[in-house]
Every structure is written in structure tokens, then in C-alpha cells.
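Source file data.tsv; content: TSV, N, CA and C atoms.
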chain	number	residue	atom	x	y	z
V	146	GLN	N	97.95	7.78	237.35
V	146	GLN	CA	99.30	7.23	237.35
V	146	GLN	C	99.55	6.53	238.67
V	147	VAL	N	99.94	5.28	238.58
V	147	VAL	CA	100.23	4.51	239.79
V	147	VAL	C	101.73	4.57	240.06
V	148	HIS	N	102.08	4.88	241.29
V	148	HIS	CA	103.48	4.89	241.71
V	148	HIS	C	103.74	3.68	242.58
V	149	MET	N	104.84	2.98	242.30
V	149	MET	CA	105.16	1.78	243.05
V	149	MET	C	106.59	1.87	243.54
V	150	GLU	N	106.81	1.43	244.76
V	150	GLU	CA	108.14	1.51	245.34
V	150	GLU	C	108.47	0.25	246.13
V	151	GLU	N	109.57	-0.38	245.74
V	151	GLU	CA	110.03	-1.58	246.43
V	151	GLU	C	110.95	-1.22	247.59
V	152	SER	N	110.99	-2.10	248.58
V	152	SER	CA	111.91	-1.96	249.70
V	152	SER	C	112.20	-3.34	250.28
V	153	GLY	N	113.22	-3.42	251.10
V	153	GLY	CA	113.52	-4.66	251.80
V	153	GLY	C	114.68	-5.45	251.23
V	154	GLY	N	115.25	-4.97	250.14
V	154	GLY	CA	116.40	-5.68	249.59
V	154	GLY	C	117.62	-5.52	250.48
V	155	GLY	N	118.68	-6.29	250.14
V	155	GLY	CA	119.90	-6.19	250.92
V	155	GLY	C	120.83	-7.34	250.63
V	156	LEU	N	121.83	-7.48	251.49
V	156	LEU	CA	122.82	-8.53	251.37
V	156	LEU	C	122.54	-9.60	252.42
V	157	VAL	N	122.49	-10.85	251.98
V	157	VAL	CA	122.20	-11.96	252.88
V	157	VAL	C	123.03	-13.16	252.47
V	158	GLN	N	123.35	-14.00	253.42
V	158	GLN	CA	124.09	-15.22	253.12
V	158	GLN	C	123.16	-16.28	252.55
V	159	ALA	N	123.72	-17.16	251.77
V	159	ALA	CA	122.94	-18.28	251.23
V	159	ALA	C	122.26	-19.03	252.36
V	160	GLY	N	121.00	-19.39	252.14
V	160	GLY	CA	120.21	-20.04	253.17
V	160	GLY	C	119.40	-19.10	254.02
V	161	GLY	N	119.68	-17.81	253.89
V	161	GLY	CA	118.98	-16.81	254.68
V	161	GLY	C	117.67	-16.39	254.05
V	162	SER	N	117.05	-15.38	254.67
V	162	SER	CA	115.73	-14.92	254.24
V	162	SER	C	115.70	-13.40	254.12
V	163	LEU	N	114.82	-12.93	253.25
V	163	LEU	CA	114.51	-11.52	253.12
V	163	LEU	C	113.03	-11.39	252.83
V	164	ARG	N	112.48	-10.25	253.21
V	164	ARG	CA	111.10	-9.95	252.87
V	164	ARG	C	111.05	-8.62	252.12
V	165	LEU	N	110.62	-8.70	250.87
V	165	LEU	CA	110.47	-7.50	250.06
V	165	LEU	C	109.05	-6.96	250.20
V	166	SER	N	108.95	-5.65	250.12
V	166	SER	CA	107.65	-4.98	250.12
V	166	SER	C	107.53	-4.12	248.88
V	167	CYS	N	106.31	-3.94	248.42
V	167	CYS	CA	106.02	-3.06	247.30
V	167	CYS	C	104.82	-2.22	247.67
V	168	ALA	N	105.04	-0.94	247.89
V	168	ALA	CA	103.96	-0.03	248.25
V	168	ALA	C	103.48	0.71	247.01
V	169	ALA	N	102.17	0.71	246.80
V	169	ALA	CA	101.59	1.36	245.63
V	169	ALA	C	100.72	2.53	246.05
V	170	SER	N	100.70	3.55	245.22
V	170	SER	CA	99.86	4.71	245.47
V	170	SER	C	99.39	5.30	244.14
V	171	GLY	N	98.32	6.07	244.19
V	171	GLY	CA	97.82	6.74	242.99
V	171	GLY	C	96.75	5.99	242.25
V	172	GLY	N	96.34	4.85	242.75
V	172	GLY	CA	95.29	4.08	242.13
V	172	GLY	C	94.56	3.25	243.16
V	173	THR	N	93.52	2.55	242.73
V	173	THR	CA	92.80	1.67	243.63
V	173	THR	C	93.50	0.32	243.63
V	174	PHE	N	94.29	0.10	244.65
V	174	PHE	CA	95.19	-1.06	244.71
V	174	PHE	C	94.47	-2.37	244.48
V	175	SER	N	93.28	-2.48	245.02
V	175	SER	CA	92.55	-3.75	244.96
V	175	SER	C	92.07	-4.11	243.56
V	176	LEU	N	92.19	-3.20	242.60
V	176	LEU	CA	91.78	-3.48	241.22
V	176	LEU	C	92.93	-4.01	240.36
V	177	TYR	N	94.12	-4.07	240.92
V	177	TYR	CA	95.30	-4.41	240.15
V	177	TYR	C	95.82	-5.80	240.48
V	178	ALA	N	96.09	-6.57	239.44
V	178	ALA	CA	96.90	-7.76	239.60
V	178	ALA	C	98.36	-7.31	239.75
V	179	MET	N	99.13	-8.08	240.51
V	179	MET	CA	100.48	-7.66	240.87
V	179	MET	C	101.48	-8.78	240.60
V	180	GLY	N	102.70	-8.37	240.33
V	180	GLY	CA	103.73	-9.37	240.10
V	180	GLY	C	105.09	-8.92	240.60
V	181	TRP	N	105.95	-9.92	240.83
V	181	TRP	CA	107.36	-9.68	241.13
V	181	TRP	C	108.19	-10.24	239.98
V	182	PHE	N	109.19	-9.49	239.59
V	182	PHE	CA	110.12	-9.90	238.55
V	182	PHE	C	111.53	-9.61	239.06
V	183	ARG	N	112.52	-10.18	238.39
V	183	ARG	CA	113.90	-9.90	238.78
V	183	ARG	C	114.79	-9.88	237.55
V	184	GLN	N	115.89	-9.18	237.69
V	184	GLN	CA	116.84	-9.09	236.59
V	184	GLN	C	118.26	-9.15	237.15
V	185	ALA	N	118.96	-10.19	236.74
V	185	ALA	CA	120.36	-10.36	237.13
V	185	ALA	C	121.24	-9.68	236.09
V	186	PRO	N	122.47	-9.32	236.46
V	186	PRO	CA	123.37	-8.66	235.51
V	186	PRO	C	123.56	-9.49	234.25
V	187	GLY	N	123.39	-8.85	233.09
V	187	GLY	CA	123.58	-9.52	231.83
V	187	GLY	C	122.45	-10.43	231.40
V	188	LYS	N	121.38	-10.45	232.16
V	188	LYS	CA	120.24	-11.31	231.82
V	188	LYS	C	118.97	-10.50	231.62
V	189	GLU	N	117.99	-11.12	230.99
V	189	GLU	CA	116.72	-10.46	230.79
V	189	GLU	C	115.90	-10.50	232.09
V	190	ARG	N	114.97	-9.58	232.19
V	190	ARG	CA	114.08	-9.56	233.33
V	190	ARG	C	113.19	-10.82	233.27
V	191	GLU	N	113.05	-11.49	234.41
V	191	GLU	CA	112.29	-12.73	234.44
V	191	GLU	C	111.21	-12.71	235.50
V	192	PHE	N	110.19	-13.49	235.23
V	192	PHE	CA	109.06	-13.63	236.13
V	192	PHE	C	109.48	-14.36	237.41
V	193	VAL	N	108.96	-13.91	238.56
V	193	VAL	CA	109.20	-14.57	239.83
V	193	VAL	C	107.89	-15.10	240.42
V	194	ALA	N	106.90	-14.22	240.57
V	194	ALA	CA	105.63	-14.61	241.17
V	194	ALA	C	104.58	-13.56	240.84
V	195	CYS	N	103.31	-13.97	240.89
V	195	CYS	CA	102.23	-13.01	240.66
V	195	CYS	C	101.01	-13.42	241.46
V	196	ILE	N	100.12	-12.45	241.64
V	196	ILE	CA	98.95	-12.66	242.50
V	196	ILE	C	97.79	-11.84	241.96
V	197	THR	N	96.61	-12.46	241.92
V	197	THR	CA	95.43	-11.74	241.49
V	197	THR	C	95.01	-10.71	242.54
V	198	ARG	N	94.11	-9.85	242.15
V	198	ARG	CA	93.80	-8.70	243.01
V	198	ARG	C	93.17	-9.11	244.33
V	199	GLY	N	92.50	-10.26	244.36
V	199	GLY	CA	91.90	-10.75	245.60
V	199	GLY	C	92.66	-11.92	246.21
V	200	SER	N	93.88	-12.15	245.70
V	200	SER	CA	94.75	-13.23	246.19
V	200	SER	C	94.18	-14.63	245.93
V	201	ILE	N	93.26	-14.73	244.98
V	201	ILE	CA	92.65	-16.04	244.69
V	201	ILE	C	93.62	-16.94	243.93
V	202	ASN	N	94.27	-16.36	242.93
V	202	ASN	CA	95.22	-17.14	242.13
V	202	ASN	C	96.63	-16.61	242.33
V	203	ILE	N	97.55	-17.53	242.51
V	203	ILE	CA	98.96	-17.20	242.71
V	203	ILE	C	99.80	-18.12	241.84
V	204	LYS	N	100.82	-17.57	241.23
V	204	LYS	CA	101.71	-18.36	240.39
V	204	LYS	C	103.16	-18.06	240.78
V	205	TYR	N	104.01	-19.07	240.61
V	205	TYR	CA	105.43	-18.92	240.90
V	205	TYR	C	106.27	-19.48	239.75
V	206	ALA	N	107.43	-18.90	239.57
V	206	ALA	CA	108.42	-19.51	238.69
V	206	ALA	C	108.90	-20.79	239.36
V	207	GLU	N	109.23	-21.77	238.53
V	207	GLU	CA	109.68	-23.05	239.07
V	207	GLU	C	110.92	-22.89	239.96
V	208	SER	N	111.75	-21.94	239.62
V	208	SER	CA	113.01	-21.76	240.33
V	208	SER	C	112.82	-21.27	241.77
V	209	VAL	N	111.65	-20.71	242.08
V	209	VAL	CA	111.43	-20.18	243.43
V	209	VAL	C	110.31	-20.91	244.18
V	210	LYS	N	109.63	-21.81	243.49
V	210	LYS	CA	108.50	-22.51	244.10
V	210	LYS	C	108.97	-23.26	245.35
V	211	GLY	N	108.21	-23.10	246.43
V	211	GLY	CA	108.56	-23.75	247.69
V	211	GLY	C	109.49	-22.94	248.57
V	212	ARG	N	110.08	-21.89	248.01
V	212	ARG	CA	111.00	-21.04	248.79
V	212	ARG	C	110.46	-19.63	248.97
V	213	PHE	N	109.77	-19.12	247.95
V	213	PHE	CA	109.23	-17.75	247.99
V	213	PHE	C	107.73	-17.79	248.18
V	214	THR	N	107.21	-16.77	248.87
V	214	THR	CA	105.77	-16.63	249.06
V	214	THR	C	105.34	-15.20	248.76
V	215	ILE	N	104.42	-15.06	247.83
V	215	ILE	CA	103.88	-13.76	247.49
V	215	ILE	C	102.57	-13.54	248.25
V	216	SER	N	102.34	-12.31	248.67
V	216	SER	CA	101.10	-11.98	249.36
V	216	SER	C	100.81	-10.50	249.17
V	217	ARG	N	99.62	-10.10	249.55
V	217	ARG	CA	99.26	-8.69	249.43
V	217	ARG	C	98.28	-8.31	250.52
V	218	ASP	N	98.31	-7.05	250.87
V	218	ASP	CA	97.37	-6.49	251.83
V	218	ASP	C	96.69	-5.31	251.15
V	219	ASN	N	95.49	-5.53	250.65
V	219	ASN	CA	94.81	-4.49	249.88
V	219	ASN	C	94.48	-3.27	250.75
V	220	ALA	N	94.23	-3.48	252.01
V	220	ALA	CA	93.93	-2.35	252.90
V	220	ALA	C	95.13	-1.42	253.05
V	221	LYS	N	96.33	-2.00	252.97
V	221	LYS	CA	97.56	-1.21	253.11
V	221	LYS	C	98.15	-0.81	251.76
V	222	GLY	N	97.58	-1.33	250.68
V	222	GLY	CA	98.14	-1.01	249.37
V	222	GLY	C	99.54	-1.53	249.18
V	223	THR	N	99.81	-2.70	249.72
V	223	THR	CA	101.18	-3.23	249.72
V	223	THR	C	101.19	-4.71	249.34
V	224	MET	N	102.20	-5.08	248.57
V	224	MET	CA	102.45	-6.47	248.20
V	224	MET	C	103.78	-6.89	248.82
V	225	TYR	N	103.91	-8.18	249.09
V	225	TYR	CA	105.11	-8.70	249.75
V	225	TYR	C	105.68	-9.89	248.98
V	226	LEU	N	106.95	-10.12	249.19
V	226	LEU	CA	107.60	-11.34	248.71
V	226	LEU	C	108.51	-11.84	249.82
V	227	GLN	N	108.08	-12.91	250.47
V	227	GLN	CA	108.91	-13.56	251.48
V	227	GLN	C	109.83	-14.54	250.79
V	228	MET	N	111.12	-14.35	250.96
V	228	MET	CA	112.10	-15.18	250.28
V	228	MET	C	112.90	-15.95	251.32
V	229	ASN	N	112.77	-17.26	251.30
V	229	ASN	CA	113.50	-18.13	252.22
V	229	ASN	C	114.47	-19.01	251.47
V	230	SER	N	115.40	-19.61	252.19
V	230	SER	CA	116.38	-20.52	251.59
V	230	SER	C	117.04	-19.90	250.36
V	231	LEU	N	117.47	-18.68	250.52
V	231	LEU	CA	118.02	-17.94	249.38
V	231	LEU	C	119.29	-18.59	248.86
V	232	LYS	N	119.47	-18.50	247.54
V	232	LYS	CA	120.62	-19.05	246.86
V	232	LYS	C	121.37	-17.92	246.15
V	233	ALA	N	122.61	-18.19	245.84
V	233	ALA	CA	123.41	-17.18	245.12
V	233	ALA	C	122.75	-16.79	243.81
V	234	GLU	N	122.10	-17.73	243.16
V	234	GLU	CA	121.44	-17.46	241.87
V	234	GLU	C	120.18	-16.61	242.00
V	235	ASP	N	119.77	-16.32	243.23
V	235	ASP	CA	118.65	-15.40	243.42
V	235	ASP	C	119.11	-13.94	243.40
V	236	THR	N	120.40	-13.72	243.33
V	236	THR	CA	120.93	-12.36	243.28
V	236	THR	C	120.43	-11.64	242.04
V	237	ALA	N	119.81	-10.50	242.25
V	237	ALA	CA	119.22	-9.73	241.14
V	237	ALA	C	118.61	-8.45	241.70
V	238	VAL	N	118.22	-7.59	240.79
V	238	VAL	CA	117.34	-6.47	241.15
V	238	VAL	C	115.91	-6.97	241.03
V	239	TYR	N	115.14	-6.79	242.09
V	239	TYR	CA	113.76	-7.25	242.12
V	239	TYR	C	112.82	-6.08	241.91
V	240	TYR	N	111.86	-6.30	240.99
V	240	TYR	CA	110.90	-5.27	240.62
V	240	TYR	C	109.48	-5.74	240.92
V	241	CYS	N	108.64	-4.81	241.36
V	241	CYS	CA	107.22	-5.11	241.43
V	241	CYS	C	106.51	-4.41	240.28
V	242	ALA	N	105.40	-4.99	239.88
V	242	ALA	CA	104.66	-4.46	238.74
V	242	ALA	C	103.17	-4.68	238.96
V	243	SER	N	102.36	-3.86	238.27
V	243	SER	CA	100.92	-3.98	238.43
V	243	SER	C	100.21	-3.74	237.11
V	244	VAL	N	99.00	-4.29	237.01
V	244	VAL	CA	98.18	-4.11	235.81
V	244	VAL	C	96.72	-4.29	236.21
V	245	LEU	N	95.85	-3.49	235.60
V	245	LEU	CA	94.41	-3.66	235.84
V	245	LEU	C	93.96	-4.98	235.25
V	246	ARG	N	93.29	-5.79	236.06
V	246	ARG	CA	92.82	-7.09	235.61
V	246	ARG	C	91.56	-7.47	236.37
V	247	GLY	N	90.81	-8.41	235.80
V	247	GLY	CA	89.67	-8.98	236.50
V	247	GLY	C	90.14	-9.80	237.68
V	248	SER	N	89.19	-10.29	238.44
V	248	SER	CA	89.51	-10.92	239.71
V	248	SER	C	90.22	-12.25	239.59
V	249	MET	N	90.12	-12.90	238.44
V	249	MET	CA	90.64	-14.27	238.35
V	249	MET	C	91.91	-14.39	237.53
V	250	THR	N	92.34	-13.32	236.90
V	250	THR	CA	93.48	-13.44	235.99
V	250	THR	C	94.65	-12.60	236.44
V	251	VAL	N	95.83	-13.12	236.15
V	251	VAL	CA	97.06	-12.37	236.42
V	251	VAL	C	98.10	-12.84	235.43
V	252	PRO	N	98.75	-11.90	234.74
V	252	PRO	CA	99.73	-12.29	233.73
V	252	PRO	C	101.09	-12.63	234.32
V	253	MET	N	101.88	-13.35	233.53
V	253	MET	CA	103.23	-13.70	233.93
V	253	MET	C	104.28	-13.03	233.05
V	254	ALA	N	103.85	-12.41	231.97
V	254	ALA	CA	104.80	-11.82	231.03
V	254	ALA	C	105.05	-10.35	231.37
V	255	THR	N	106.31	-9.95	231.25
V	255	THR	CA	106.65	-8.58	231.61
V	255	THR	C	105.90	-7.56	230.77
V	256	HIS	N	105.69	-7.84	229.50
V	256	HIS	CA	105.09	-6.85	228.61
V	256	HIS	C	103.61	-6.61	228.91
V	257	GLU	N	103.01	-7.45	229.71
V	257	GLU	CA	101.59	-7.28	230.04
V	257	GLU	C	101.37	-6.35	231.23
V	258	TYR	N	102.42	-5.97	231.90
V	258	TYR	CA	102.29	-5.11	233.07
V	258	TYR	C	102.44	-3.65	232.68
V	259	THR	N	101.66	-2.81	233.36
V	259	THR	CA	101.61	-1.39	233.03
V	259	THR	C	102.55	-0.54	233.88
V	260	TYR	N	102.55	-0.79	235.17
V	260	TYR	CA	103.31	0.06	236.09
V	260	TYR	C	104.41	-0.76	236.76
V	261	TRP	N	105.55	-0.09	236.93
V	261	TRP	CA	106.72	-0.75	237.50
V	261	TRP	C	107.37	0.12	238.56
V	262	GLY	N	107.93	-0.54	239.57
V	262	GLY	CA	108.78	0.17	240.51
V	262	GLY	C	110.19	0.29	239.95
V	263	ARG	N	111.06	0.92	240.71
V	263	ARG	CA	112.44	1.13	240.26
V	263	ARG	C	113.37	0.01	240.68
V	264	GLY	N	112.89	-0.90	241.51
V	264	GLY	CA	113.66	-2.07	241.86
V	264	GLY	C	114.42	-1.95	243.18
V	265	THR	N	114.70	-3.10	243.76
V	265	THR	CA	115.51	-3.17	244.98
V	265	THR	C	116.51	-4.32	244.81
V	266	GLN	N	117.75	-4.06	245.19
V	266	GLN	CA	118.82	-5.04	244.97
V	266	GLN	C	118.80	-6.12	246.06
V	267	VAL	N	118.86	-7.36	245.61
V	267	VAL	CA	119.03	-8.50	246.52
V	267	VAL	C	120.32	-9.19	246.15
V	268	THR	N	121.21	-9.32	247.10
V	268	THR	CA	122.49	-9.98	246.87
V	268	THR	C	122.64	-11.12	247.88
V	269	VAL	N	122.85	-12.31	247.35
V	269	VAL	CA	123.01	-13.50	248.18
V	269	VAL	C	124.45	-13.97	248.04
V	270	SER	N	125.16	-13.96	249.15
V	270	SER	CA	126.56	-14.41	249.12
V	270	SER	C	126.62	-15.92	249.31
V	271	PRO	N	127.52	-16.58	248.59
V	271	PRO	CA	127.59	-18.06	248.64
V	271	PRO	C	127.97	-18.56	250.03
What does this structure look like when you write it as C-alpha cells?
Amino acid sequence: QVHMEESGGGLVQAGGSLRLSCAASGGTFSLYAMGWFRQAPGKEREFVACITRGSINIKYAESVKGRFTISRDNAKGTMYLQMNSLKAEDTAVYYCASVLRGSMTVPMATHEYTYWGRGTQVTVSP
């Protein structure tokens, strides 16, 4: 059983930055593809970014491309999401997720992920 825990959320003004972290334990971190998702009130959970286990392939949602950067440190068992130029519409609960995958593939759909954290709230004031 893999346990995942997000941190780094908070309240920030529009245009500001936050860095989210996702610490994983209970499995071999380097074997898992990882993703960030978010869910705003009244909306479905949506894809934000994902990264293969060796950081070879990275994908972003169009809405965050150029502003957010996903990364991971396999030695530390931690994934990150650097969020810059934040907008009010980025307000949501952010979740990290993981799934066992080969080195070159990483899914973008929520249903393909096995393990999830409990989320961290990000609030961007206009």
C-alpha cells in the first residue's frame, strides 16, 4: 500500500507562486508514474500535470502550460508542482496520484491512477 501526502497549499494573491510537494511512502517510488490533479467546488476532478517515473515524459493541461512545472526527486520519494502566475481559476484542492507504469508512459485520466493523497487546498485571491 502506497501512502501519499500533499503539502504546500495555501492562500496567495493572483500573480503569486506556490510550490506543492507530494511525499510517497510504502512502495518503490521510482517505479511509479505520478500525476497532479485538482478539483474546484462543484466541478469534476481534472488533470493538471504528470511525469513518468524517470522524468523522461511530462505532460501538462493546456490551462497551466507555461505557468506550472512538475518535477520529482526519486531519491527523496517526492514529487513537486511549482505554480507561478497563479490565477483565481487555479483555486482548487490539489491531489497527487501514482500508478505503476513502464518508463515511457504516464496516464492523464483520473481512473488510471491507483493511489491518491488527501489533497491540499490552494486558494488564489483576485
Could you make a table, as JSON lines, of the residues of range 168-236 of chain V that have an atom within 7 Å of an atom of range 147-160 of chain V, each with its nearest atom pair and distance in Å to one decimal, counting only N, CA and C atoms, in chain and number order?
{"residue": "V:Ala168", "atom": "N", "partner": "V:Glu150", "partner_atom": "C", "distance": 4.0}
{"residue": "V:Ala169", "atom": "CA", "partner": "V:His148", "partner_atom": "C", "distance": 4.4}
{"residue": "V:Ser170", "atom": "C", "partner": "V:His148", "partner_atom": "N", "distance": 3.9}
{"residue": "V:Gly171", "atom": "C", "partner": "V:Val147", "partner_atom": "CA", "distance": 4.5}
{"residue": "V:Gly172", "atom": "N", "partner": "V:Val147", "partner_atom": "CA", "distance": 4.9}
{"residue": "V:Asn229", "atom": "C", "partner": "V:Gly160", "partner_atom": "C", "distance": 5.6}
{"residue": "V:Ser230", "atom": "CA", "partner": "V:Gly160", "partner_atom": "C", "distance": 4.1}
{"residue": "V:Leu231", "atom": "C", "partner": "V:Gly160", "partner_atom": "N", "distance": 3.8}
{"residue": "V:Lys232", "atom": "N", "partner": "V:Gly160", "partner_atom": "N", "distance": 4.9}
{"residue": "V:Ala233", "atom": "N", "partner": "V:Ala159", "partner_atom": "CA", "distance": 5.4}
Measuring atom to atom with all atoms listed in the file, identify which of V:Tyr240, V:Met228, V:Ile201, V:Ser248 is nearest to Gln266 in chain V.
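Comparing V:Tyr240, V:Met228, V:Ile201, V:Ser248 against Gln266 in chain V, the winner is V:Tyr240.
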Strand (DSSP E or B) call set, DSSP backbone run, range 162-270 of chain V, as JSON, numbers by chain:
{"V": [163, 164, 165, 166, 167, 168, 169, 170, 177, 178, 179, 180, 181, 182, 183, 184, 191, 192, 193, 194, 195, 196, 203, 204, 205, 213, 214, 215, 216, 217, 218, 223, 224, 225, 226, 227, 228, 237, 238, 239, 240, 241, 242, 243, 244, 245, 260, 261, 265, 266, 267, 268, 269, 270]}
I'd like to know which of V:Thr197, V:Thr265, V:Gln146, V:Thr236 is closest to Ser166 in chain V, using only C-alpha atoms.
V:Thr265
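In this structure, atom C of Tyr260 in chain V sits 14.3 Å away from CA of Ile196 in chain V.
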Which neighbours of Tyr225 in chain V fall inside 7 Å, counting only N, CA and C atoms, when residues of the same chain fewer than 3 positions from it are skipped, and could you give them as a short mmCIF file (atom, residue, chain, number, x, y, z; two decimals) with N, CA and C atoms, in the coordinates of the input?
data_model
loop_
_atom_site.label_atom_id
_atom_site.label_comp_id
_atom_site.auth_asym_id
_atom_site.auth_seq_id
_atom_site.Cartn_x
_atom_site.Cartn_y
_atom_site.Cartn_z
N ARG V 164 112.48 -10.25 253.21
CA ARG V 164 111.10 -9.95 252.87
C ARG V 164 111.05 -8.62 252.12
N LEU V 165 110.62 -8.70 250.87
CA LEU V 165 110.47 -7.50 250.06
C LEU V 165 109.05 -6.96 250.20
N SER V 166 108.95 -5.65 250.12
CA SER V 166 107.65 -4.98 250.12
C SER V 166 107.53 -4.12 248.88
N CYS V 167 106.31 -3.94 248.42
CA CYS V 167 106.02 -3.06 247.30
C CYS V 167 104.82 -2.22 247.67
N THR V 214 107.21 -16.77 248.87
CA THR V 214 105.77 -16.63 249.06
C THR V 214 105.34 -15.20 248.76
N ILE V 215 104.42 -15.06 247.83
CA ILE V 215 103.88 -13.76 247.49
C ILE V 215 102.57 -13.54 248.25
N SER V 216 102.34 -12.31 248.67
CA SER V 216 101.10 -11.98 249.36
C SER V 216 100.81 -10.50 249.17
N ARG V 217 99.62 -10.10 249.55
CA ARG V 217 99.26 -8.69 249.43
C ARG V 217 98.28 -8.31 250.52
N ASP V 218 98.31 -7.05 250.87
CA ASP V 218 97.37 -6.49 251.83
C ASP V 218 96.69 -5.31 251.15
#
